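Asks: Provided herewith is a single structure, encoded as structure tokens, for subsequent inquiry.
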Amino acid sequence: MALIRFERFLASMLRGAVWMLFAVFQLLAPQRGADRSVRRLPPITNPLLRVPAMRLARMIRRREVTSVEVVQTYIDRIQEINPLINAMVKDRFPLALQEAAQVDKLIDEETGGEDVLEDRLPLLGVPFTVKEAFSLQGMPNSTGLVSRRGVISATDAPPVALLKRAGAIPLGVTNCSELCMWLESHNRLYGITNNPYDLERIPGGSSGGEGSILGGGGSVIGVGSDVGGSIRIPAFFNGIFGHKPTSGVVSNVGQFPPPSGQQPGFLCTGPMCRYAQDLLPMLRVMGGANADRLSLSSEVDLKRLRFFSVPHDGGSPLVSPVDQQLVLAQRRVVQRLEADLGVKVQQLKIPQLKYSFQIWSAMMGAPGKDGKQPTSFAELMSDHGKKVWPLWEMAKWTVGLSKHTVAAIGLVLVEMFQRSQPTQFILQQKESLQKDLEELLGTDGVLLYPSHPHLAPKHHHPLFTPFNFSYTGIFNILGLPVTQCPLGLSAEGLPLGLQLVVGKQQDRLSLATAVFLEKTFGGWRDPGSIATATTQLDTSRGTSTTTS
């Protein structure tokens with residue numbers, strides 16, 4: 001009881017300190033120069049932009065539309081919205097159009113029939129986008145670091161190469177947070193990326209450029225990476241689907257920064273899509289031979305699965321309470337699963353989740369099997385440049401002279417005081433949680449869990465709630481596959497959503513559930529077609545109706 005009182009006291013003190021810091025930040029931070037009267041994107045008018053990737057590939061194979069038409073349509077959309085969202089930081093449009101013309105020529109000359117093309121090149125002629133942290137031949141690979149401005153990729157990262165080998169055509173690379181270690185996609189090289197549903201809000205990070213370009217209708221499929229929620233948080237904030245696969249299935253080679261220490265077991269590369277049906281075929285391609293471990297061709301009978309719902313982390317004093325709209329959205333999912341599938345969703349509390357941030361932080365900083373410590377954030381910030389002194393960088397930041405974001409500088413300062421070894425208590429919590437969840441989920445369990453405590457925050461606000469990402473980060477440490485699903489829009493017109501967590505190598509279960517939830521709740525919504533910022537949710541049908 002005394003411990004609970006102390007935690008509540010600590011939580012109130014932390015929140016008080018946060019709001020004081022926020023007030024100081026508002027005074028010091030430079031004001032954004034964008035036209036604040038423009039808060040949403042223009043609506044999608046070309047119907048090709050509303051077609052899932054796999055259906056586009058089929059239409060291209062059948063000559064119902066040319067690859068050049070599809071690629072040009074997406075180029076037009078990107079040129080229309082990117083000045084507003086700043087998601088794509090370098091394009092390869094002329095090359096993409098040349099490659100699309102080659103695709104159309106290949107189809108015209110193919111004599112083996114559509115089935116041969118589908119088997120050999122399942123994504124033939126479909127455009128896609130790539131997080132700038134990945135190597136894409138001829139494109140920059142700075143990860144938002146000013147000192148890496150001149151780094152140009154000579155090769156493709158393996159997942160990118162596999163997508164290209166399957167016939168997909170890259171359009172360009174998208175923005176991320178500095179060194180991929182923050183949940184706002186902002187850096188001093190490319191600037192800040194905006195959320196397509198509200199330009200004053202963040203698209204998440206670190207794959208926020210991917211989330212934003214996909215959510216805005218400028219791409220249909222994309223490549224992201226996730227070591228603490230960097231696929232799932234942007235997918236949530238931008239109203240799209242994202243999947244963090246079982247650890248080790250998709251190669252992490254060819255991205256910067258490379259993982260070190262125990263991080264290779266936590267980092268995951270995965271697909272980000274506007275349509276749930278594209279997740280599984282993308283994962284099959286990106287995983288290569290490793291995808292066979294996931295039995296992705298096996299049918300899933302949702303009525304035979306066991307479902308569990310955990311509404312929050314148990315009340316960590318470091319993490320914000322879950323927004324009531326997200327709580328209600330998760331309840332609606334439970335209601336629809338029970339009504340439509342005839343299953344019983346078991347409500348659970350998992351006490352170890354309360355220590356999610358401490359577990360993630362301790363394990364991310366732990367030495368690898370070789371005993372070597374992970375590369376420090378300060379070392380990574382010094383790549384291709386001078387050594388970074390965090391206190392000096394913070395002083396320069398206050399007068400606008402630093403080449404680094406305040407979030408990156410803050411991470412280096414925190415790192416200076418971080419323990420190099422996790423405490424025995426945290427290790428016990430991690431092992432206990434791992435054991436309990438793996439036993440709970442088995443080979444037929446699906447866990448519903450919030451994606452984040454808040455809806456997409458306003459720019460820079462996450463600086464004052466830095467531990468909220470632990471809702472996603474904990475599953476990186478546990479190595480469990482997770483699918484992020486949109487669930488309609490909030491009263492403010494912002495995406496709602498939740499995570500679907502399953503056992504290791506059971507990715508197909510969460511992917512199948514995501515397809516069901518897309519049909520039930522409507523999936524991605526065009527942010528430009530939202531008539532007003534007021535959206536009423538029809539709880540009886542699990543759909544949303546926008547009213548003027």
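In the structure tokens, chains take the letters A, B, ... in the order shown, each chain's residues start at 1, and ligands count up from 1 in the order shown.
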For Ala161 (chain A), find every residue with an atom within 10 Å (counting only C-alpha atoms), except residues of its own chain fewer than 4 positions away, and show them as a PyMOL selection string.

Replies: chain A and resi 135-137+155-157+165-168+285-286

Asks: Could you take the residues named above and write them with N, CA, C and O atoms, as a short mmCIF file (atom, residue, chain, number, x, y, z; two decimals), in the first residue's frame?

Replies:
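Wrote part.cif, looks like this:
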data_model
loop_
_atom_site.label_atom_id
_atom_site.label_comp_id
_atom_site.auth_asym_id
_atom_site.auth_seq_id
_atom_site.Cartn_x
_atom_site.Cartn_y
_atom_site.Cartn_z
N SER A 135 19.04 1.49 -47.06
CA SER A 135 19.77 1.69 -48.30
C SER A 135 18.84 1.44 -49.49
O SER A 135 18.23 0.38 -49.58
N LEU A 136 18.73 2.42 -50.36
CA LEU A 136 18.06 2.30 -51.64
C LEU A 136 19.01 2.90 -52.66
O LEU A 136 19.36 4.08 -52.57
N GLN A 137 19.48 2.09 -53.58
CA GLN A 137 20.54 2.48 -54.50
C GLN A 137 20.29 3.85 -55.12
O GLN A 137 19.23 4.12 -55.68
N THR A 155 23.97 0.30 -52.83
CA THR A 155 23.24 -0.96 -52.97
C THR A 155 21.87 -0.83 -52.31
O THR A 155 21.56 0.21 -51.71
N ASP A 156 21.08 -1.87 -52.40
CA ASP A 156 19.77 -1.92 -51.75
C ASP A 156 19.84 -2.78 -50.48
O ASP A 156 20.50 -3.83 -50.48
N ALA A 157 19.14 -2.35 -49.44
CA ALA A 157 18.97 -3.21 -48.27
C ALA A 157 18.23 -4.47 -48.71
O ALA A 157 17.38 -4.41 -49.61
N ARG A 165 12.84 -7.12 -56.62
CA ARG A 165 12.90 -8.39 -57.35
C ARG A 165 11.50 -8.94 -57.62
O ARG A 165 11.27 -9.66 -58.59
N ALA A 166 10.55 -8.58 -56.74
CA ALA A 166 9.16 -9.01 -56.94
C ALA A 166 8.41 -8.10 -57.90
O ALA A 166 7.21 -8.29 -58.12
N GLY A 167 9.11 -7.09 -58.45
CA GLY A 167 8.51 -6.24 -59.47
C GLY A 167 8.08 -4.87 -58.99
O GLY A 167 7.64 -4.05 -59.80
N ALA A 168 8.18 -4.59 -57.68
CA ALA A 168 7.75 -3.29 -57.16
C ALA A 168 8.74 -2.19 -57.56
O ALA A 168 9.94 -2.45 -57.76
N VAL A 285 7.16 -11.53 -49.26
CA VAL A 285 8.25 -11.10 -50.14
C VAL A 285 9.44 -10.62 -49.33
O VAL A 285 10.59 -11.03 -49.58
N MET A 286 9.22 -9.77 -48.33
CA MET A 286 10.32 -9.18 -47.57
C MET A 286 11.08 -10.21 -46.74
O MET A 286 12.27 -10.05 -46.47
#

Asks: Could you go through region 23-229 of chain A and tell me which residues DSSP, when run on the backbone, assigns to strand (DSSP E), listing them as a list in words?

Replies: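 For region 23-229 of chain A, the strand (DSSP E) set is Met88, Val89, Lys90, Asp91, Pro127, Phe128, Thr129, Val130, Lys131, Ile169, Pro170, Leu171, Gly172, Val173, Thr174, His186, Asn187, Gly191, Ile192, Ile221, Gly222, Val223, Gly224, Ser225 and Asp226 of chain A.
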
Asks: How would the residues just picked look written out with C-alpha atoms as a PDB file, in the first residue's frame?

Replies:
ATOM      1  CA  MET A  88       9.252  12.331 -48.981  1.00  0.00           C
ATOM      2  CA  VAL A  89      12.752  13.779 -48.703  1.00  0.00           C
ATOM      3  CA  LYS A  90      14.237  12.513 -51.985  1.00  0.00           C
ATOM      4  CA  ASP A  91      12.407  11.150 -55.014  1.00  0.00           C
ATOM      5  CA  PRO A 127       5.030   1.682 -56.620  1.00  0.00           C
ATOM      6  CA  PHE A 128       6.319   1.743 -53.043  1.00  0.00           C
ATOM      7  CA  THR A 129       8.232   4.050 -50.689  1.00  0.00           C
ATOM      8  CA  VAL A 130      11.141   3.420 -48.324  1.00  0.00           C
ATOM      9  CA  LYS A 131      12.218   4.893 -45.000  1.00  0.00           C
ATOM     10  CA  ILE A 169       9.032   0.162 -58.163  1.00  0.00           C
ATOM     11  CA  PRO A 170      10.503   2.517 -55.507  1.00  0.00           C
ATOM     12  CA  LEU A 171       9.378   6.152 -55.741  1.00  0.00           C
ATOM     13  CA  GLY A 172      11.793   7.595 -53.178  1.00  0.00           C
ATOM     14  CA  VAL A 173      12.778   7.769 -49.521  1.00  0.00           C
ATOM     15  CA  THR A 174      10.878   9.265 -46.598  1.00  0.00           C
ATOM     16  CA  HIS A 186      12.130  15.638 -37.153  1.00  0.00           C
ATOM     17  CA  ASN A 187      15.778  16.344 -37.927  1.00  0.00           C
ATOM     18  CA  GLY A 191      12.991  19.315 -41.199  1.00  0.00           C
ATOM     19  CA  ILE A 192       9.755  18.168 -39.612  1.00  0.00           C
ATOM     20  CA  ILE A 221       2.854   0.150 -49.481  1.00  0.00           C
ATOM     21  CA  GLY A 222       6.115   1.008 -47.752  1.00  0.00           C
ATOM     22  CA  VAL A 223       9.089  -0.248 -45.767  1.00  0.00           C
ATOM     23  CA  GLY A 224       9.624   0.647 -42.112  1.00  0.00           C
ATOM     24  CA  SER A 225      11.703  -0.498 -39.158  1.00  0.00           C
ATOM     25  CA  ASP A 226      10.761  -0.864 -35.507  1.00  0.00           C
TER      26      ASP A 226
END

Asks: Find, counting only C-alpha atoms, the residue in A:Leu283, A:Ile202, A:Ile240, A:Leu441 that gets nearest to Gly488 (chain A).

Replies: A:Ile240

Asks: Gln324 (chain A): which residues within 12 Å, counting only C-alpha atoms, same-chain residues fewer than 5 positions away excluded, as a JSON list (two decimals) with all heavy atoms, in the first residue's frame?

Replies:
[["chain", "number", "residue", "atom", "x", "y", "z"],
["A", 311, "PRO", "N", -6.60, -3.51, -21.18],
["A", 311, "PRO", "CA", -6.94, -2.11, -21.49],
["A", 311, "PRO", "C", -5.83, -1.09, -21.23],
["A", 311, "PRO", "O", -5.88, 0.01, -21.76],
["A", 311, "PRO", "CB", -8.14, -1.84, -20.58],
["A", 311, "PRO", "CG", -7.93, -2.77, -19.42],
["A", 311, "PRO", "CD", -7.28, -4.00, -19.97],
["A", 312, "HIS", "N", -4.85, -1.46, -20.40],
["A", 312, "HIS", "CA", -3.77, -0.50, -20.09],
["A", 312, "HIS", "C", -2.61, -1.26, -19.43],
["A", 312, "HIS", "O", -2.69, -2.48, -19.20],
["A", 312, "HIS", "CB", -4.27, 0.61, -19.16],
["A", 312, "HIS", "CG", -4.95, 0.12, -17.93],
["A", 312, "HIS", "ND1", -4.28, -0.47, -16.87],
["A", 312, "HIS", "CD2", -6.27, 0.09, -17.59],
["A", 312, "HIS", "CE1", -5.13, -0.82, -15.93],
["A", 312, "HIS", "NE2", -6.36, -0.50, -16.35],
["A", 329, "ALA", "N", -12.77, 2.52, -28.04],
["A", 329, "ALA", "CA", -12.55, 1.86, -29.33],
["A", 329, "ALA", "C", -12.17, 0.39, -29.13],
["A", 329, "ALA", "O", -12.63, -0.49, -29.86],
["A", 329, "ALA", "CB", -11.46, 2.58, -30.10],
["A", 330, "GLN", "N", -11.35, 0.12, -28.13],
["A", 330, "GLN", "CA", -10.95, -1.26, -27.85],
["A", 330, "GLN", "C", -12.15, -2.08, -27.37],
["A", 330, "GLN", "O", -12.29, -3.26, -27.73],
["A", 330, "GLN", "CB", -9.83, -1.28, -26.81],
["A", 330, "GLN", "CG", -9.22, -2.67, -26.62],
["A", 330, "GLN", "CD", -7.85, -2.61, -25.94],
["A", 330, "GLN", "OE1", -7.08, -1.69, -26.18],
["A", 330, "GLN", "NE2", -7.56, -3.59, -25.11],
["A", 331, "ARG", "N", -13.03, -1.45, -26.59],
["A", 331, "ARG", "CA", -14.25, -2.15, -26.16],
["A", 331, "ARG", "C", -15.14, -2.49, -27.35],
["A", 331, "ARG", "O", -15.75, -3.56, -27.38],
["A", 331, "ARG", "CB", -15.03, -1.27, -25.17],
["A", 331, "ARG", "CG", -14.39, -1.18, -23.78],
["A", 331, "ARG", "CD", -15.24, -0.31, -22.88],
["A", 331, "ARG", "NE", -14.56, -0.05, -21.63],
["A", 331, "ARG", "CZ", -14.93, 0.88, -20.75],
["A", 331, "ARG", "NH1", -16.00, 1.64, -21.02],
["A", 331, "ARG", "NH2", -14.27, 1.06, -19.63],
["A", 450, "PRO", "N", -3.57, -1.40, -26.22],
["A", 450, "PRO", "CA", -3.48, -0.05, -26.79],
["A", 450, "PRO", "C", -2.16, 0.17, -27.52],
["A", 450, "PRO", "O", -1.12, -0.38, -27.13],
["A", 450, "PRO", "CB", -3.59, 0.86, -25.56],
["A", 450, "PRO", "CG", -4.31, 0.03, -24.54],
["A", 450, "PRO", "CD", -3.86, -1.38, -24.77],
["A", 452, "HIS", "N", -0.85, 3.27, -27.93],
["A", 452, "HIS", "CA", -0.21, 4.45, -27.36],
["A", 452, "HIS", "C", -1.24, 5.06, -26.42],
["A", 452, "HIS", "O", -2.44, 4.93, -26.66],
["A", 452, "HIS", "CB", 0.16, 5.43, -28.47],
["A", 452, "HIS", "CG", 1.15, 6.47, -28.08],
["A", 452, "HIS", "ND1", 2.49, 6.21, -27.94],
["A", 452, "HIS", "CD2", 0.99, 7.79, -27.81],
["A", 452, "HIS", "CE1", 3.12, 7.33, -27.60],
["A", 452, "HIS", "NE2", 2.23, 8.31, -27.51],
["A", 453, "PRO", "N", -0.82, 5.74, -25.38],
["A", 453, "PRO", "CA", -1.83, 6.35, -24.49],
["A", 453, "PRO", "C", -2.60, 7.51, -25.12],
["A", 453, "PRO", "O", -3.74, 7.77, -24.74],
["A", 453, "PRO", "CB", -1.00, 6.84, -23.30],
["A", 453, "PRO", "CG", 0.29, 6.09, -23.37],
["A", 453, "PRO", "CD", 0.53, 5.84, -24.83],
["A", 454, "HIS", "N", -1.97, 8.22, -26.06],
["A", 454, "HIS", "CA", -2.59, 9.42, -26.65],
["A", 454, "HIS", "C", -2.91, 9.22, -28.12],
["A", 454, "HIS", "O", -2.28, 8.41, -28.81],
["A", 454, "HIS", "CB", -1.63, 10.62, -26.53],
["A", 454, "HIS", "CG", -1.42, 11.09, -25.14],
["A", 454, "HIS", "ND1", -0.35, 11.90, -24.78],
["A", 454, "HIS", "CD2", -2.13, 10.89, -24.01],
["A", 454, "HIS", "CE1", -0.41, 12.16, -23.48],
["A", 454, "HIS", "NE2", -1.48, 11.57, -23.00],
["A", 455, "LEU", "N", -3.88, 10.00, -28.62],
["A", 455, "LEU", "CA", -4.03, 10.19, -30.05],
["A", 455, "LEU", "C", -2.82, 10.99, -30.54],
["A", 455, "LEU", "O", -2.03, 11.48, -29.74],
["A", 455, "LEU", "CB", -5.32, 10.95, -30.34],
["A", 455, "LEU", "CG", -6.61, 10.35, -29.77],
["A", 455, "LEU", "CD1", -7.77, 11.30, -29.99],
["A", 455, "LEU", "CD2", -6.89, 9.01, -30.40],
["A", 490, "SER", "N", -11.44, 9.67, -34.27],
["A", 490, "SER", "CA", -11.86, 10.23, -32.98],
["A", 490, "SER", "C", -12.78, 11.43, -33.21],
["A", 490, "SER", "O", -13.04, 11.85, -34.34],
["A", 490, "SER", "CB", -10.63, 10.68, -32.20],
["A", 490, "SER", "OG", -10.07, 11.85, -32.79],
["A", 491, "ALA", "N", -13.24, 12.02, -32.11],
["A", 491, "ALA", "CA", -14.07, 13.23, -32.20],
["A", 491, "ALA", "C", -13.32, 14.37, -32.87],
["A", 491, "ALA", "O", -13.92, 15.25, -33.49],
["A", 491, "ALA", "CB", -14.52, 13.64, -30.80],
["A", 496, "LEU", "N", -8.02, 6.38, -34.64],
["A", 496, "LEU", "CA", -8.03, 5.49, -33.49],
["A", 496, "LEU", "C", -7.37, 4.18, -33.92],
["A", 496, "LEU", "O", -7.22, 3.92, -35.11],
["A", 496, "LEU", "CB", -9.47, 5.21, -33.03],
["A", 496, "LEU", "CG", -10.30, 6.42, -32.64],
["A", 496, "LEU", "CD1", -11.78, 6.02, -32.52],
["A", 496, "LEU", "CD2", -9.81, 7.02, -31.32]]

Asks: What lies within 12 Å of Ser451 (chain A) using only C-alpha atoms, ignoring chain neighbours under 3 positions off, as a count of residues only?

Replies: 50

Asks: What's the 12 Å shell around region 385-392 of chain A, counting only C-alpha atoms, without same-chain residues fewer than 5 positions away, as a compact mmCIF listing (two decimals) with all heavy atoms, in the first residue's frame?

Replies:
# COMPACT_ATOMS: atom_id res chain seq x y z
N LEU A 145 20.87 12.76 -40.08
CA LEU A 145 22.08 13.29 -39.46
C LEU A 145 22.76 14.24 -40.44
O LEU A 145 23.13 13.84 -41.55
CB LEU A 145 23.01 12.14 -39.07
CG LEU A 145 24.02 12.36 -37.95
CD1 LEU A 145 23.33 12.73 -36.65
CD2 LEU A 145 24.86 11.11 -37.76
N VAL A 146 22.95 15.49 -40.05
CA VAL A 146 23.52 16.49 -40.96
C VAL A 146 24.91 16.06 -41.44
O VAL A 146 25.26 16.25 -42.61
CB VAL A 146 23.59 17.87 -40.26
CG1 VAL A 146 24.34 18.88 -41.11
CG2 VAL A 146 22.17 18.37 -39.96
N SER A 147 25.70 15.44 -40.56
CA SER A 147 27.05 15.04 -40.93
C SER A 147 27.07 13.91 -41.97
O SER A 147 28.10 13.66 -42.59
CB SER A 147 27.84 14.61 -39.69
OG SER A 147 27.19 13.53 -39.03
N ARG A 148 25.93 13.23 -42.18
CA ARG A 148 25.83 12.17 -43.18
C ARG A 148 25.12 12.66 -44.45
O ARG A 148 24.67 11.86 -45.26
CB ARG A 148 25.07 10.96 -42.61
CG ARG A 148 25.89 10.15 -41.61
CD ARG A 148 25.07 8.99 -41.05
NE ARG A 148 24.56 8.08 -42.06
CZ ARG A 148 25.22 7.02 -42.52
NH1 ARG A 148 26.43 6.73 -42.06
NH2 ARG A 148 24.67 6.22 -43.44
N ARG A 149 25.06 13.95 -44.61
CA ARG A 149 24.33 14.56 -45.73
C ARG A 149 24.78 13.98 -47.08
O ARG A 149 23.98 13.78 -47.98
CB ARG A 149 24.56 16.07 -45.73
CG ARG A 149 23.79 16.82 -46.81
CD ARG A 149 24.33 18.23 -46.99
NE ARG A 149 24.26 19.00 -45.76
CZ ARG A 149 23.24 19.76 -45.40
NH1 ARG A 149 22.19 19.84 -46.19
NH2 ARG A 149 23.27 20.44 -44.27
N GLY A 150 26.07 13.68 -47.22
CA GLY A 150 26.60 13.23 -48.50
C GLY A 150 26.60 11.73 -48.71
O GLY A 150 27.09 11.25 -49.74
N SER A 376 27.14 3.72 -28.37
CA SER A 376 26.44 4.80 -27.67
C SER A 376 25.78 5.74 -28.67
O SER A 376 26.22 5.87 -29.83
CB SER A 376 27.41 5.58 -26.79
OG SER A 376 28.29 6.36 -27.58
N PHE A 377 24.75 6.43 -28.22
CA PHE A 377 24.04 7.38 -29.08
C PHE A 377 24.97 8.54 -29.44
O PHE A 377 24.91 9.07 -30.55
CB PHE A 377 22.79 7.88 -28.37
CG PHE A 377 21.77 8.47 -29.29
CD1 PHE A 377 21.09 7.68 -30.20
CD2 PHE A 377 21.48 9.82 -29.28
CE1 PHE A 377 20.15 8.21 -31.07
CE2 PHE A 377 20.54 10.38 -30.13
CZ PHE A 377 19.88 9.56 -31.03
N ALA A 378 25.85 8.91 -28.50
CA ALA A 378 26.80 9.99 -28.77
C ALA A 378 27.74 9.60 -29.91
O ALA A 378 28.06 10.43 -30.78
CB ALA A 378 27.60 10.31 -27.51
N GLU A 379 28.19 8.35 -29.94
CA GLU A 379 29.04 7.88 -31.04
C GLU A 379 28.29 7.93 -32.36
O GLU A 379 28.85 8.34 -33.39
CB GLU A 379 29.51 6.45 -30.76
CG GLU A 379 30.53 6.29 -29.67
CD GLU A 379 30.88 4.83 -29.46
OE1 GLU A 379 31.60 4.27 -30.32
OE2 GLU A 379 30.44 4.24 -28.45
N LEU A 380 27.04 7.49 -32.36
CA LEU A 380 26.26 7.51 -33.59
C LEU A 380 26.04 8.93 -34.09
O LEU A 380 26.10 9.19 -35.30
CB LEU A 380 24.91 6.82 -33.36
CG LEU A 380 24.97 5.32 -33.06
CD1 LEU A 380 23.59 4.81 -32.64
CD2 LEU A 380 25.48 4.54 -34.26
N TRP A 397 21.84 24.61 -28.94
CA TRP A 397 20.45 24.48 -29.37
C TRP A 397 19.60 25.65 -28.89
O TRP A 397 18.72 26.14 -29.61
CB TRP A 397 19.85 23.17 -28.85
CG TRP A 397 18.42 22.99 -29.22
CD1 TRP A 397 17.92 22.49 -30.38
CD2 TRP A 397 17.28 23.38 -28.45
NE1 TRP A 397 16.54 22.53 -30.38
CE2 TRP A 397 16.12 23.07 -29.20
CE3 TRP A 397 17.12 23.95 -27.18
CZ2 TRP A 397 14.84 23.32 -28.73
CZ3 TRP A 397 15.83 24.20 -26.71
CH2 TRP A 397 14.71 23.88 -27.49
N THR A 398 19.86 26.12 -27.67
CA THR A 398 19.06 27.22 -27.11
C THR A 398 19.18 28.51 -27.92
O THR A 398 18.30 29.37 -27.85
CB THR A 398 19.44 27.49 -25.64
OG1 THR A 398 20.83 27.87 -25.58
CG2 THR A 398 19.20 26.27 -24.77
N VAL A 399 20.27 28.64 -28.69
CA VAL A 399 20.42 29.84 -29.52
C VAL A 399 20.35 29.49 -31.02
O VAL A 399 20.75 30.28 -31.88
CB VAL A 399 21.76 30.57 -29.20
CG1 VAL A 399 21.71 31.16 -27.82
CG2 VAL A 399 22.95 29.63 -29.35
N LEU A 401 21.92 27.12 -32.86
CA LEU A 401 23.17 26.84 -33.58
C LEU A 401 23.51 25.35 -33.65
O LEU A 401 24.49 24.98 -34.31
CB LEU A 401 24.34 27.59 -32.93
CG LEU A 401 24.25 29.12 -32.99
CD1 LEU A 401 25.44 29.74 -32.27
CD2 LEU A 401 24.21 29.60 -34.44
N SER A 402 22.75 24.49 -33.00
CA SER A 402 23.07 23.07 -33.02
C SER A 402 22.56 22.42 -34.31
O SER A 402 21.53 22.79 -34.85
CB SER A 402 22.44 22.35 -31.82
OG SER A 402 22.71 20.96 -31.89
N LYS A 403 23.32 21.41 -34.79
CA LYS A 403 22.91 20.63 -35.96
C LYS A 403 22.10 19.41 -35.55
O LYS A 403 21.86 18.53 -36.38
CB LYS A 403 24.14 20.21 -36.75
CG LYS A 403 24.88 21.38 -37.39
CD LYS A 403 26.09 20.90 -38.18
CE LYS A 403 26.81 22.08 -38.82
NZ LYS A 403 28.02 21.64 -39.58
N HIS A 404 21.70 19.36 -34.28
CA HIS A 404 20.94 18.22 -33.78
C HIS A 404 19.64 18.69 -33.16
O HIS A 404 19.52 19.83 -32.71
CB HIS A 404 21.76 17.45 -32.75
CG HIS A 404 23.07 16.95 -33.27
ND1 HIS A 404 23.17 15.86 -34.09
CD2 HIS A 404 24.34 17.43 -33.12
CE1 HIS A 404 24.44 15.66 -34.41
NE2 HIS A 404 25.17 16.60 -33.84
N THR A 405 18.66 17.81 -33.10
CA THR A 405 17.37 18.14 -32.47
C THR A 405 17.51 18.05 -30.96
O THR A 405 18.38 17.35 -30.43
CB THR A 405 16.28 17.17 -32.94
OG1 THR A 405 16.66 15.84 -32.58
CG2 THR A 405 16.07 17.26 -34.44
N VAL A 406 16.61 18.72 -30.28
CA VAL A 406 16.65 18.68 -28.81
C VAL A 406 16.36 17.27 -28.31
O VAL A 406 16.90 16.85 -27.27
CB VAL A 406 15.65 19.71 -28.22
CG1 VAL A 406 14.20 19.31 -28.50
CG2 VAL A 406 15.87 19.86 -26.72
N ALA A 407 15.55 16.50 -29.04
CA ALA A 407 15.26 15.13 -28.62
C ALA A 407 16.54 14.28 -28.66
O ALA A 407 16.81 13.51 -27.74
CB ALA A 407 14.20 14.51 -29.53
N ALA A 408 17.33 14.42 -29.73
CA ALA A 408 18.56 13.64 -29.85
C ALA A 408 19.56 14.05 -28.77
O ALA A 408 20.22 13.20 -28.16
CB ALA A 408 19.16 13.83 -31.24
N ILE A 409 19.68 15.34 -28.53
CA ILE A 409 20.60 15.82 -27.49
C ILE A 409 20.16 15.30 -26.13
O ILE A 409 20.97 14.84 -25.31
CB ILE A 409 20.66 17.36 -27.49
CG1 ILE A 409 21.19 17.87 -28.82
CG2 ILE A 409 21.54 17.86 -26.34
CD1 ILE A 409 21.00 19.36 -29.04
N GLY A 410 18.85 15.33 -25.89
CA GLY A 410 18.33 14.83 -24.62
C GLY A 410 18.61 13.35 -24.42
O GLY A 410 18.94 12.91 -23.31
N LEU A 411 18.53 12.56 -25.50
CA LEU A 411 18.82 11.13 -25.40
C LEU A 411 20.27 10.89 -25.01
O LEU A 411 20.57 9.97 -24.24
CB LEU A 411 18.49 10.44 -26.72
CG LEU A 411 17.01 10.25 -27.03
CD1 LEU A 411 16.82 9.79 -28.47
CD2 LEU A 411 16.40 9.22 -26.08
N VAL A 412 21.19 11.70 -25.52
CA VAL A 412 22.59 11.55 -25.16
C VAL A 412 22.79 11.90 -23.68
O VAL A 412 23.53 11.22 -22.96
CB VAL A 412 23.49 12.45 -26.04
CG1 VAL A 412 24.95 12.32 -25.61
CG2 VAL A 412 23.36 12.05 -27.49
N LEU A 413 22.12 12.95 -23.22
CA LEU A 413 22.23 13.33 -21.81
C LEU A 413 21.70 12.22 -20.90
O LEU A 413 22.31 11.88 -19.88
CB LEU A 413 21.47 14.63 -21.56
CG LEU A 413 22.09 15.90 -22.15
CD1 LEU A 413 21.11 17.06 -22.08
CD2 LEU A 413 23.37 16.25 -21.38
N VAL A 414 20.56 11.62 -21.29
CA VAL A 414 20.00 10.52 -20.50
C VAL A 414 20.96 9.34 -20.49
O VAL A 414 21.17 8.70 -19.45
CB VAL A 414 18.62 10.10 -21.07
CG1 VAL A 414 18.15 8.80 -20.43
CG2 VAL A 414 17.60 11.22 -20.84
N GLU A 415 21.56 9.07 -21.63
CA GLU A 415 22.48 7.94 -21.77
C GLU A 415 23.66 8.07 -20.81
O GLU A 415 24.19 7.06 -20.33
CB GLU A 415 22.96 7.88 -23.21
CG GLU A 415 23.79 6.68 -23.56
CD GLU A 415 24.19 6.70 -25.02
OE1 GLU A 415 24.86 7.68 -25.44
OE2 GLU A 415 23.83 5.77 -25.75
N MET A 416 24.09 9.28 -20.53
CA MET A 416 25.23 9.50 -19.65
C MET A 416 24.98 8.97 -18.25
O MET A 416 25.92 8.57 -17.54
CB MET A 416 25.55 11.01 -19.57
CG MET A 416 26.08 11.61 -20.85
SD MET A 416 26.13 13.42 -20.79
CE MET A 416 27.22 13.71 -19.39

Asks: Which of region 288-410 of chain A end up as helix (DSSP H, G or I) when DSSP is run on this backbone - answer as number ranges by chain?

Replies: A: 288-294, 302-304, 324-341, 351-364, 377-381, 390-398, 406-410

Asks: List the spatial neighbours of region 46-50 of chain A as a PyMOL selection string - criterion: any atom at most 8 Å away, only C-alpha atoms, same-chain residues fewer than 3 positions off excluded.

Replies: chain A and resi 70+73-74+217-218+220

Asks: To one decimal in Å, tell me the separation between CA of Arg306 (chain A) and CA of Gln506 (chain A).

Replies: 12.9 Å
